[in-house]
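Below: coords-v5.tsv (TSV, C-alpha atoms)
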```tsv
chain	number	residue	atom	x	y	z
A	91	MET	CA	3.35	19.47	-0.82
A	92	ILE	CA	4.70	21.39	2.15
A	93	ALA	CA	7.38	23.90	1.35
A	94	GLY	CA	10.28	24.44	3.71
A	95	PHE	CA	13.70	22.99	3.97
A	96	THR	CA	15.17	20.44	1.64
A	97	LEU	CA	18.33	18.44	1.98
A	98	SER	CA	20.98	19.50	-0.50
A	99	ALA	CA	22.67	16.10	-0.36
A	100	PHE	CA	19.35	14.36	-1.04
A	101	PRO	CA	17.35	16.53	-3.44
A	102	ASP	CA	14.62	13.88	-3.87
A	103	ALA	CA	13.90	13.62	-0.15
A	104	ALA	CA	10.84	15.36	1.33
A	105	PRO	CA	11.96	16.05	4.91
A	106	MET	CA	9.19	18.53	5.76
A	107	ASN	CA	6.40	16.31	4.46
A	108	GLY	CA	8.06	13.43	6.27
A	109	LEU	CA	8.30	15.28	9.56
A	110	PHE	CA	4.71	16.55	9.45
A	111	GLY	CA	3.46	13.16	8.32
A	112	GLY	CA	5.36	11.59	11.19
A	113	ILE	CA	3.87	14.03	13.68
A	114	LEU	CA	0.36	13.11	12.45
A	115	ILE	CA	1.21	9.43	12.90
A	116	GLY	CA	2.51	10.18	16.39
A	117	LEU	CA	-0.70	12.06	17.26
A	118	ALA	CA	-2.75	9.13	15.93
A	119	ALA	CA	-0.81	6.68	18.09
A	120	ALA	CA	-1.02	9.06	21.08
A	121	LEU	CA	-4.80	9.26	20.70
A	122	MET	CA	-4.98	5.46	20.66
A	123	LEU	CA	-2.76	5.23	23.75
A	124	LEU	CA	-4.21	8.02	25.87
A	125	GLY	CA	-7.78	7.67	24.57
A	126	ALA	CA	-8.28	3.93	24.30
A	127	GLY	CA	-5.32	2.71	26.36
A	128	ARG	CA	-3.99	0.62	23.49
A	129	ILE	CA	-1.09	0.35	21.05
A	130	ALA	CA	-1.74	1.60	17.50
A	131	GLY	CA	-0.07	-1.38	15.85
A	132	VAL	CA	-1.53	-1.85	12.40
A	133	SER	CA	-0.62	-5.52	11.92
A	134	GLY	CA	-2.17	-6.51	15.24
A	135	ILE	CA	-5.26	-4.41	14.60
A	136	ALA	CA	-5.68	-5.95	11.12
A	137	ALA	CA	-5.42	-9.43	12.62
A	138	ARG	CA	-7.94	-8.50	15.29
A	139	ALA	CA	-10.45	-7.02	12.82
A	140	THR	CA	-10.37	-10.10	10.60
A	141	GLY	CA	-10.67	-12.53	13.50
A	142	ILE	CA	-7.17	-13.94	12.95
A	143	SER	CA	-6.29	-12.75	16.45
A	144	ASP	CA	-8.61	-12.88	19.44
A	145	SER	CA	-6.70	-10.48	21.65
A	146	GLY	CA	-6.63	-6.71	21.64
A	147	MET	CA	-9.25	-4.02	21.22
A	148	SER	CA	-12.87	-4.74	20.34
A	149	LYS	CA	-13.50	-5.94	16.81
A	150	SER	CA	-15.56	-2.85	16.03
A	151	SER	CA	-12.80	-0.52	17.24
A	152	ALA	CA	-10.28	-2.43	15.12
A	153	TRP	CA	-12.47	-1.98	12.04
A	154	MET	CA	-12.92	1.73	12.77
A	155	PHE	CA	-9.15	2.20	12.92
A	156	LEU	CA	-8.57	0.22	9.71
A	157	ILE	CA	-11.29	2.12	7.82
A	158	GLY	CA	-9.69	5.36	8.97
A	159	LEU	CA	-6.37	4.54	7.26
A	160	PRO	CA	-7.60	4.86	3.64
A	161	VAL	CA	-9.97	7.68	4.65
A	162	GLY	CA	-7.07	9.76	5.95
A	163	ALA	CA	-4.88	8.86	2.99
A	164	ALA	CA	-7.68	9.81	0.58
A	165	ILE	CA	-8.04	13.25	2.18
A	166	VAL	CA	-4.31	13.94	1.77
A	167	ALA	CA	-4.26	12.52	-1.77
A	168	PHE	CA	-7.22	14.71	-2.71
A	169	ALA	CA	-5.76	17.82	-1.07
A	170	SER	CA	-2.44	17.31	-2.82
A	171	GLY	CA	-4.05	16.92	-6.22
A	172	GLY	CA	-3.75	13.15	-6.56
A	173	MET	CA	-1.00	10.61	-6.03
A	174	GLU	CA	0.18	8.10	-8.59
A	175	PRO	CA	2.97	6.07	-7.06
A	176	SER	CA	4.29	2.95	-8.78
A	177	PHE	CA	3.65	-0.40	-7.15
A	178	ALA	CA	5.38	-3.73	-7.62
A	179	SER	CA	3.94	-6.33	-9.97
A	180	PRO	CA	1.46	-8.89	-8.58
A	181	VAL	CA	4.02	-11.66	-8.06
A	182	PHE	CA	6.21	-9.40	-5.92
A	183	LEU	CA	3.16	-8.05	-4.06
A	184	ILE	CA	1.98	-11.58	-3.22
A	185	VAL	CA	5.39	-12.78	-2.01
A	186	ALA	CA	5.91	-9.57	-0.04
A	187	GLY	CA	2.41	-9.68	1.45
A	188	LEU	CA	2.80	-13.28	2.60
A	189	LEU	CA	6.18	-12.52	4.22
A	190	VAL	CA	4.81	-9.38	5.90
A	191	GLY	CA	1.78	-11.29	7.19
A	192	VAL	CA	3.73	-14.26	8.55
A	193	GLY	CA	6.54	-12.07	9.88
A	194	THR	CA	4.39	-9.56	11.72
A	195	ARG	CA	2.40	-12.31	13.47
A	196	LEU	CA	5.54	-14.18	14.54
A	197	GLY	CA	7.31	-10.94	15.43
A	198	SER	CA	4.25	-9.50	17.24
A	199	GLY	CA	4.23	-6.23	15.33
A	200	CYS	CA	5.35	-4.05	12.48
A	201	THR	CA	6.63	-0.54	11.77
A	202	SER	CA	3.83	1.08	13.76
A	203	GLY	CA	3.56	-1.13	16.84
A	204	HIS	CA	7.28	-1.81	17.26
A	205	GLY	CA	8.84	1.03	15.26
A	206	VAL	CA	6.76	3.93	16.55
A	207	CYS	CA	4.94	2.85	19.73
A	208	GLY	CA	7.53	0.43	21.13
A	209	VAL	CA	10.70	2.34	20.26
A	210	SER	CA	9.28	5.55	21.78
A	211	ARG	CA	8.57	3.57	24.97
A	212	LEU	CA	12.14	2.20	24.88
A	213	SER	CA	10.79	-1.36	24.82
A	214	GLN	CA	13.68	-3.77	24.48
A	215	ARG	CA	11.66	-6.14	22.31
A	216	SER	CA	10.54	-3.35	19.98
A	217	ILE	CA	14.02	-1.89	19.58
A	218	VAL	CA	15.41	-5.32	18.65
A	219	ALA	CA	12.48	-6.00	16.31
A	220	THR	CA	12.89	-2.61	14.60
A	221	LEU	CA	16.64	-3.02	14.13
A	222	THR	CA	15.98	-6.50	12.74
A	223	PHE	CA	13.35	-5.57	10.18
A	224	MET	CA	15.32	-2.49	9.12
A	225	ALA	CA	18.44	-4.59	8.59
A	226	ALA	CA	16.47	-7.27	6.73
A	227	GLY	CA	14.82	-4.65	4.53
A	228	ILE	CA	18.15	-2.98	3.74
A	229	ALA	CA	19.74	-6.33	2.92
A	230	THR	CA	16.80	-7.34	0.74
A	231	VAL	CA	16.89	-4.15	-1.33
A	232	ALA	CA	20.68	-4.37	-1.65
A	233	LEU	CA	20.55	-8.00	-2.80
A	234	MET	CA	17.73	-7.35	-5.26
A	235	ASN	CA	19.62	-4.38	-6.70
A	236	ALA	CA	22.78	-6.46	-6.96
A	237	ALA	CA	20.81	-9.15	-8.79
A	238	GLY	CA	19.35	-6.53	-11.13
A	239	LEU	CA	15.78	-7.19	-9.98
A	240	GLU	CA	13.73	-4.11	-10.83
A	241	VAL	CA	10.59	-4.10	-8.68
A	242	LEU	CA	9.05	-0.70	-9.32
A	243	PRO	CA	8.47	0.42	-12.90
B	66	MET	CA	-21.27	3.95	21.02
B	67	MET	CA	-19.85	7.03	19.30
B	68	ARG	CA	-17.68	7.70	22.33
B	69	ARG	CA	-16.22	4.24	21.86
B	70	LEU	CA	-15.90	4.13	18.09
B	71	LEU	CA	-14.95	7.70	17.24
B	72	PRO	CA	-11.45	7.65	18.81
B	73	PRO	CA	-10.23	4.62	16.79
B	74	LEU	CA	-11.74	6.08	13.59
B	75	LEU	CA	-10.07	9.42	14.24
B	76	SER	CA	-6.81	7.71	15.16
B	77	GLY	CA	-6.87	5.61	11.98
B	78	SER	CA	-7.68	8.65	9.84
B	79	LEU	CA	-4.86	10.71	11.34
B	80	PHE	CA	-2.57	7.74	10.88
B	81	GLY	CA	-3.53	7.29	7.23
B	82	ALA	CA	-3.18	11.02	6.55
B	83	GLY	CA	0.28	10.99	8.13
B	84	LEU	CA	1.35	8.00	6.06
B	85	ALA	CA	0.21	9.62	2.81
B	86	LEU	CA	1.66	13.04	3.68
B	87	GLY	CA	4.97	11.47	4.68
B	88	GLY	CA	5.17	9.62	1.38
B	89	MET	CA	4.89	6.20	2.97
B	90	THR	CA	2.13	5.13	0.58
B	91	ASP	CA	4.73	5.45	-2.18
B	92	PRO	CA	6.78	2.22	-2.29
B	93	ALA	CA	9.60	4.06	-4.07
B	94	ARG	CA	10.09	6.29	-0.99
B	95	VAL	CA	10.21	3.33	1.36
B	96	ARG	CA	12.56	1.30	-0.84
B	97	GLY	CA	14.60	4.46	-1.34
B	98	PHE	CA	15.10	4.65	2.43
B	99	LEU	CA	16.17	1.00	2.60
B	100	ASP	CA	18.57	1.52	-0.34
B	101	ILE	CA	21.41	2.86	1.81
B	102	PHE	CA	24.05	1.56	-0.60
B	103	GLY	CA	22.42	3.27	-3.58
B	104	ASP	CA	20.41	6.45	-4.09
B	105	TRP	CA	19.40	6.89	-0.43
B	106	ASP	CA	16.17	8.75	0.40
B	107	PRO	CA	16.14	9.71	4.11
B	108	THR	CA	12.45	10.80	4.15
B	109	LEU	CA	11.32	7.77	6.18
B	110	ALA	CA	13.75	8.73	8.95
B	111	PHE	CA	11.91	12.05	9.31
B	112	VAL	CA	8.56	10.24	9.42
B	113	MET	CA	9.78	7.83	12.10
B	114	GLY	CA	11.50	10.64	13.99
B	115	GLY	CA	8.41	12.86	14.05
B	116	ALA	CA	6.18	9.99	15.16
B	117	VAL	CA	8.57	8.73	17.83
B	118	ILE	CA	9.05	12.21	19.35
B	119	VAL	CA	5.29	12.76	19.68
B	120	MET	CA	4.79	9.29	21.11
B	121	ALA	CA	7.66	9.67	23.58
B	122	ILE	CA	5.77	12.66	25.00
B	123	ALA	CA	2.52	10.65	25.04
B	124	TRP	CA	4.20	7.90	27.09
B	125	ARG	CA	5.16	10.55	29.68
B	126	PHE	CA	1.54	11.72	29.87
B	127	ARG	CA	0.42	8.14	30.33
B	128	GLU	CA	2.51	7.87	33.50
B	129	HIS	CA	0.28	10.50	35.11
B	130	MET	CA	-3.03	8.96	34.04
B	131	ALA	CA	-4.92	6.44	36.16
B	132	HIS	CA	-6.93	5.30	33.15
B	133	PRO	CA	-7.33	6.26	29.46
B	134	LEU	CA	-9.73	9.05	28.51
B	135	PHE	CA	-12.31	6.80	26.86
B	136	ALA	CA	-11.64	3.38	28.38
B	137	GLU	CA	-11.51	1.82	31.83
B	138	LYS	CA	-7.90	0.70	31.80
B	139	PHE	CA	-4.69	0.60	29.84
B	140	SER	CA	-4.14	-2.67	27.97
B	141	LEU	CA	-0.50	-2.58	26.94
B	142	PRO	CA	2.16	-5.18	26.12
B	143	ASP	CA	4.44	-5.89	29.07
B	144	ARG	CA	6.82	-8.51	27.71
B	145	SER	CA	10.55	-7.86	27.64
B	146	ASP	CA	11.92	-11.28	26.60
B	147	LEU	CA	13.89	-11.51	23.37
B	148	THR	CA	12.91	-14.67	21.53
B	149	GLY	CA	13.88	-16.35	18.28
B	150	ARG	CA	10.28	-15.94	17.23
B	151	LEU	CA	10.45	-12.15	17.67
B	152	ILE	CA	13.72	-11.83	15.76
B	153	GLY	CA	12.92	-14.41	13.06
B	154	GLY	CA	9.47	-12.95	12.50
B	155	SER	CA	10.82	-9.43	12.30
B	156	ALA	CA	13.45	-10.58	9.79
B	157	LEU	CA	10.78	-12.18	7.57
B	158	PHE	CA	8.72	-9.01	7.83
B	159	GLY	CA	11.75	-6.93	6.83
B	160	VAL	CA	12.37	-9.06	3.74
B	161	GLY	CA	8.76	-8.60	2.63
B	162	TRP	CA	8.95	-4.89	3.42
B	163	GLY	CA	12.06	-4.59	1.26
B	164	ILE	CA	10.65	-6.54	-1.67
B	165	ALA	CA	7.56	-4.39	-2.27
B	166	GLY	CA	8.24	-1.28	-0.17
B	167	LEU	CA	5.01	-1.80	1.77
B	168	CYS	CA	4.25	-2.54	5.41
B	169	PRO	CA	0.77	-3.12	6.87
B	170	GLY	CA	-0.31	0.52	7.45
B	171	PRO	CA	0.69	1.93	4.06
B	172	GLY	CA	-0.63	-1.21	2.32
B	173	ILE	CA	-4.11	-0.66	3.79
B	174	ALA	CA	-3.99	3.13	3.35
B	175	ALA	CA	-2.99	2.67	-0.31
B	176	LEU	CA	-6.29	0.87	-0.99
B	177	VAL	CA	-7.63	4.28	-2.05
B	178	ILE	CA	-4.49	5.30	-3.96
B	179	GLU	CA	-3.77	2.20	-6.05
B	180	PRO	CA	-6.66	-0.16	-5.18
B	181	ALA	CA	-5.78	-3.20	-7.29
B	182	SER	CA	-2.12	-3.41	-6.24
B	183	ALA	CA	-2.81	-2.58	-2.60
B	184	ALA	CA	-5.58	-5.19	-2.45
B	185	ILE	CA	-3.25	-7.92	-3.73
B	186	PHE	CA	-0.75	-6.99	-1.02
B	187	VAL	CA	-3.33	-6.75	1.78
B	188	VAL	CA	-5.06	-10.04	0.91
B	189	SER	CA	-1.67	-11.80	0.73
B	190	MET	CA	-0.70	-10.28	4.07
B	191	LEU	CA	-3.91	-11.50	5.72
B	192	ALA	CA	-3.32	-14.93	4.16
B	193	GLY	CA	0.15	-14.97	5.73
B	194	MET	CA	-1.29	-14.00	9.10
B	195	PHE	CA	-3.95	-16.69	8.79
B	196	LEU	CA	-1.28	-19.23	7.91
B	197	VAL	CA	0.49	-18.57	11.22
B	198	ARG	CA	-2.75	-19.07	13.09
B	199	LEU	CA	-3.47	-22.29	11.18
B	200	VAL	CA	-0.05	-23.72	11.99
B	201	GLU	CA	-0.04	-22.61	15.61
B	202	GLY	CA	-3.67	-23.08	16.47
B	203	SER	CA	-5.68	-20.22	17.92
B	204	ALA	CA	-3.59	-17.28	19.06
```
Could you spell out this file's structure in structure tokens?
Amino acid sequence: MIAGFTLSAFPDAAPMNGLFGGILIGLAAALMLLGAGRIAGVSGIAARATGISDSGMSKSSAWMFLIGLPVGAAIVAFASGGMEPSFASPVFLIVAGLLVGVGTRLGSGCTSGHGVCGVSRLSQRSIVATLTFMAAGIATVALMNAAGLEVLP
Amino acid sequence: MMRRLLPPLLSGSLFGAGLALGGMTDPARVRGFLDIFGDWDPTLAFVMGGAVIVMAIAWRFREHMAHPLFAEKFSLPDRSDLTGRLIGGSALFGVGWGIAGLCPGPGIAALVIEPASAAIFVVSMLAGMFLVRLVEGSA
């Protein structure tokens, strides 16, 4: 979508889109921090909105943030002329969803809360959590590839 | 009311736009990043890098603020203990992330991109979260 540099070693990568997308995510998290005084951690906010967690921002604020996620994505998808990514089949989505739900509650956060907000704050817990879920994700993809498990069509 | 609800809505919208622009609502991009032994796609590193740089600056601003712009006080995590729960939970999360190439933000943002698939993921994720609460009592 955005022109600019590409990586010759990785022709499929979209570094410019990634960087600008990341900057938008950083601005979103900065607004939550400096505006509301809170961490923009999606797993925690989702738990708060649905009443699974009682701590954090107000329920209405949590819902506003969650509603914003697809709104923002829709604007970009529309502006870029539509997106049609492939998703895993239902069985994989269910297993993955359950693991992500259990794991983010036990681990107190996900890619946004730990990976973006915590790492940028040099939080020891967040750095360890981020290294752990990255390593687990890398190992999972490697093992599935080794076993010949094709997830995305 | 608007003063209270507009910032989280704007934050969520910016966040969702960033995820979609950065390709994070495409599971193939995310799994491509995790596939370091195969056909590696470094895009996610640029997304994380961009977000972390902006937030690192925001944390510096926060040091000079007595209170947030639209709230009375900062309510931020202050724990620094490394527990088995933190590491085990993060490992489980990583396995789920690797299987489908989705984490919570992109899963919810993708509800407008691939509604049926994203909904299955999000409902399962909430079920997993609820399960933890059931087992542990109120959290």
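Of the listed residues (B:Gly166, B:Gly202, B:Gly114, B:Gly193), B:Gly193 comes nearest to Gly154 (chain B); the distances count all atoms listed in the file.
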Exercise. Pick from A:Leu189, A:Ala120, A:Leu159, A:Ala152: nearest to Val188 (chain B), with only C-alpha atoms counted?
Worked result: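 Residue with the minimum atom-to-atom distance to Val188 (chain B): A:Leu189.
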Problem set entry | Point (0.3, -0.3, 19.2) neighbourhood (8 Å, all atoms listed in the file) written as an NGL selection string | :A and (119 or 122-123 or 128-132 or 134 or 202-204 or 207-208)
Seminar exercise, completed: CA of Pro180 (chain A) sits from CA of Ala192 (chain B) at a separation of 14.9 Å
For this session: For CA of Met173 (chain A) and CA of Val192 (chain A), determine how far apart the two atoms are, in Å to one decimal place.
Result: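 Distance between the two atoms: 29.2 Å.
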For this session: Compile the residues of chain A that lie within 6 Å of chain B, evaluated using all atoms listed in the file, and express the compilation as a VMD selection string.
Result: chain A and resid 103 to 105 107 to 109 111 to 116 118 120 124 to 128 132 to 133 142 to 143 151 154 to 155 158 to 163 166 175 178 183 to 184 186 to 197 206 210 215 219 222 to 223 226 to 228 230 to 231
Go ahead and write the selection's residues with C-alpha atoms as a tab-separated table (two decimals), keeping the file's coordinate frame.
```tsv
chain	number	residue	atom	x	y	z
A	103	ALA	CA	13.90	13.62	-0.15
A	104	ALA	CA	10.84	15.36	1.33
A	105	PRO	CA	11.96	16.05	4.91
A	107	ASN	CA	6.40	16.31	4.46
A	108	GLY	CA	8.06	13.43	6.27
A	109	LEU	CA	8.30	15.28	9.56
A	111	GLY	CA	3.46	13.16	8.32
A	112	GLY	CA	5.36	11.59	11.19
A	113	ILE	CA	3.87	14.03	13.68
A	114	LEU	CA	0.36	13.11	12.45
A	115	ILE	CA	1.21	9.43	12.90
A	116	GLY	CA	2.51	10.18	16.39
A	118	ALA	CA	-2.75	9.13	15.93
A	120	ALA	CA	-1.02	9.06	21.08
A	124	LEU	CA	-4.21	8.02	25.87
A	125	GLY	CA	-7.78	7.67	24.57
A	126	ALA	CA	-8.28	3.93	24.30
A	127	GLY	CA	-5.32	2.71	26.36
A	128	ARG	CA	-3.99	0.62	23.49
A	132	VAL	CA	-1.53	-1.85	12.40
A	133	SER	CA	-0.62	-5.52	11.92
A	142	ILE	CA	-7.17	-13.94	12.95
A	143	SER	CA	-6.29	-12.75	16.45
A	151	SER	CA	-12.80	-0.52	17.24
A	154	MET	CA	-12.92	1.73	12.77
A	155	PHE	CA	-9.15	2.20	12.92
A	158	GLY	CA	-9.69	5.36	8.97
A	159	LEU	CA	-6.37	4.54	7.26
A	160	PRO	CA	-7.60	4.86	3.64
A	161	VAL	CA	-9.97	7.68	4.65
A	162	GLY	CA	-7.07	9.76	5.95
A	163	ALA	CA	-4.88	8.86	2.99
A	166	VAL	CA	-4.31	13.94	1.77
A	175	PRO	CA	2.97	6.07	-7.06
A	178	ALA	CA	5.38	-3.73	-7.62
A	183	LEU	CA	3.16	-8.05	-4.06
A	184	ILE	CA	1.98	-11.58	-3.22
A	186	ALA	CA	5.91	-9.57	-0.04
A	187	GLY	CA	2.41	-9.68	1.45
A	188	LEU	CA	2.80	-13.28	2.60
A	189	LEU	CA	6.18	-12.52	4.22
A	190	VAL	CA	4.81	-9.38	5.90
A	191	GLY	CA	1.78	-11.29	7.19
A	192	VAL	CA	3.73	-14.26	8.55
A	193	GLY	CA	6.54	-12.07	9.88
A	194	THR	CA	4.39	-9.56	11.72
A	195	ARG	CA	2.40	-12.31	13.47
A	196	LEU	CA	5.54	-14.18	14.54
A	197	GLY	CA	7.31	-10.94	15.43
A	206	VAL	CA	6.76	3.93	16.55
A	210	SER	CA	9.28	5.55	21.78
A	215	ARG	CA	11.66	-6.14	22.31
A	219	ALA	CA	12.48	-6.00	16.31
A	222	THR	CA	15.98	-6.50	12.74
A	223	PHE	CA	13.35	-5.57	10.18
A	226	ALA	CA	16.47	-7.27	6.73
A	227	GLY	CA	14.82	-4.65	4.53
A	228	ILE	CA	18.15	-2.98	3.74
A	230	THR	CA	16.80	-7.34	0.74
A	231	VAL	CA	16.89	-4.15	-1.33
```
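The interatomic distance for the pair CA of Pro180 (chain B) and CA of Ile165 (chain A) works out to 15.4 Å.
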Using all atoms of region 184-201 of chain A that appear in the file, construct an axis-aligned enclosing box with 3 Å of padding on every side and provide its centre coordinates and edge lengths in Å, rounded to one decimal, as lines of an AutoDock Vina configuration file.
```
center_x = 4.5
center_y = -7.4
center_z = 7.0
size_x = 11.5
size_y = 19.7
size_z = 26.5
```
Atoms are missing here; could region 180-189 of chain A be completed with all heavy atoms and written as a CSV table (one decimal), in the frame of the given file?
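Result file is rebuild33.csv:
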```
chain,number,residue,atom,x,y,z
A,180,PRO,N,2.2,-8.0,-9.5
A,180,PRO,CA,1.5,-8.9,-8.6
A,180,PRO,C,2.3,-10.0,-7.9
A,180,PRO,O,2.1,-10.2,-6.7
A,180,PRO,CB,0.4,-9.5,-9.5
A,180,PRO,CG,0.1,-8.4,-10.5
A,180,PRO,CD,1.5,-7.7,-10.7
A,181,VAL,N,3.2,-10.6,-8.7
A,181,VAL,CA,4.0,-11.7,-8.1
A,181,VAL,C,4.8,-11.1,-6.9
A,181,VAL,O,4.8,-11.8,-5.8
A,181,VAL,CB,5.0,-12.3,-9.1
A,181,VAL,CG1,5.9,-13.3,-8.4
A,181,VAL,CG2,4.2,-12.9,-10.2
A,182,PHE,N,5.4,-10.0,-7.0
A,182,PHE,CA,6.2,-9.4,-5.9
A,182,PHE,C,5.3,-9.0,-4.8
A,182,PHE,O,5.6,-9.2,-3.6
A,182,PHE,CB,7.0,-8.2,-6.4
A,182,PHE,CG,8.2,-8.5,-7.2
A,182,PHE,CD1,8.4,-8.0,-8.5
A,182,PHE,CD2,9.2,-9.3,-6.6
A,182,PHE,CE1,9.5,-8.3,-9.2
A,182,PHE,CE2,10.4,-9.6,-7.3
A,182,PHE,CZ,10.5,-9.1,-8.6
A,183,LEU,N,4.1,-8.5,-5.1
A,183,LEU,CA,3.2,-8.0,-4.1
A,183,LEU,C,2.7,-9.3,-3.2
A,183,LEU,O,2.5,-9.2,-2.0
A,183,LEU,CB,2.0,-7.3,-4.7
A,183,LEU,CG,2.2,-5.9,-5.2
A,183,LEU,CD1,1.0,-5.4,-6.0
A,183,LEU,CD2,2.6,-5.0,-4.1
A,184,ILE,N,2.5,-10.4,-3.9
A,184,ILE,CA,2.0,-11.6,-3.2
A,184,ILE,C,3.1,-12.1,-2.3
A,184,ILE,O,2.8,-12.4,-1.1
A,184,ILE,CB,1.5,-12.7,-4.2
A,184,ILE,CG1,0.2,-12.2,-4.9
A,184,ILE,CG2,1.3,-14.0,-3.6
A,184,ILE,CD1,-0.2,-13.0,-6.1
A,185,VAL,N,4.3,-12.3,-2.8
A,185,VAL,CA,5.4,-12.8,-2.0
A,185,VAL,C,5.6,-11.9,-0.8
A,185,VAL,O,5.8,-12.3,0.3
A,185,VAL,CB,6.7,-12.9,-2.9
A,185,VAL,CG1,7.9,-13.3,-2.0
A,185,VAL,CG2,6.5,-14.0,-4.0
A,186,ALA,N,5.7,-10.5,-1.1
A,186,ALA,CA,5.9,-9.6,0.0
A,186,ALA,C,4.8,-9.6,1.0
A,186,ALA,O,5.0,-9.6,2.2
A,186,ALA,CB,6.0,-8.2,-0.6
A,187,GLY,N,3.6,-9.7,0.5
A,187,GLY,CA,2.4,-9.7,1.4
A,187,GLY,C,2.4,-10.9,2.4
A,187,GLY,O,2.2,-10.8,3.6
A,188,LEU,N,2.7,-12.1,1.8
A,188,LEU,CA,2.8,-13.3,2.6
A,188,LEU,C,3.9,-13.2,3.7
A,188,LEU,O,3.7,-13.5,4.8
A,188,LEU,CB,3.1,-14.5,1.7
A,188,LEU,CG,1.9,-15.0,0.9
A,188,LEU,CD1,2.4,-16.0,-0.2
A,188,LEU,CD2,0.8,-15.6,1.8
A,189,LEU,N,5.1,-12.7,3.3
A,189,LEU,CA,6.2,-12.5,4.2
A,189,LEU,C,5.8,-11.5,5.3
A,189,LEU,O,6.1,-11.7,6.5
A,189,LEU,CB,7.5,-12.1,3.5
A,189,LEU,CG,8.1,-13.2,2.7
A,189,LEU,CD1,9.2,-12.5,1.7
A,189,LEU,CD2,8.8,-14.2,3.6
```
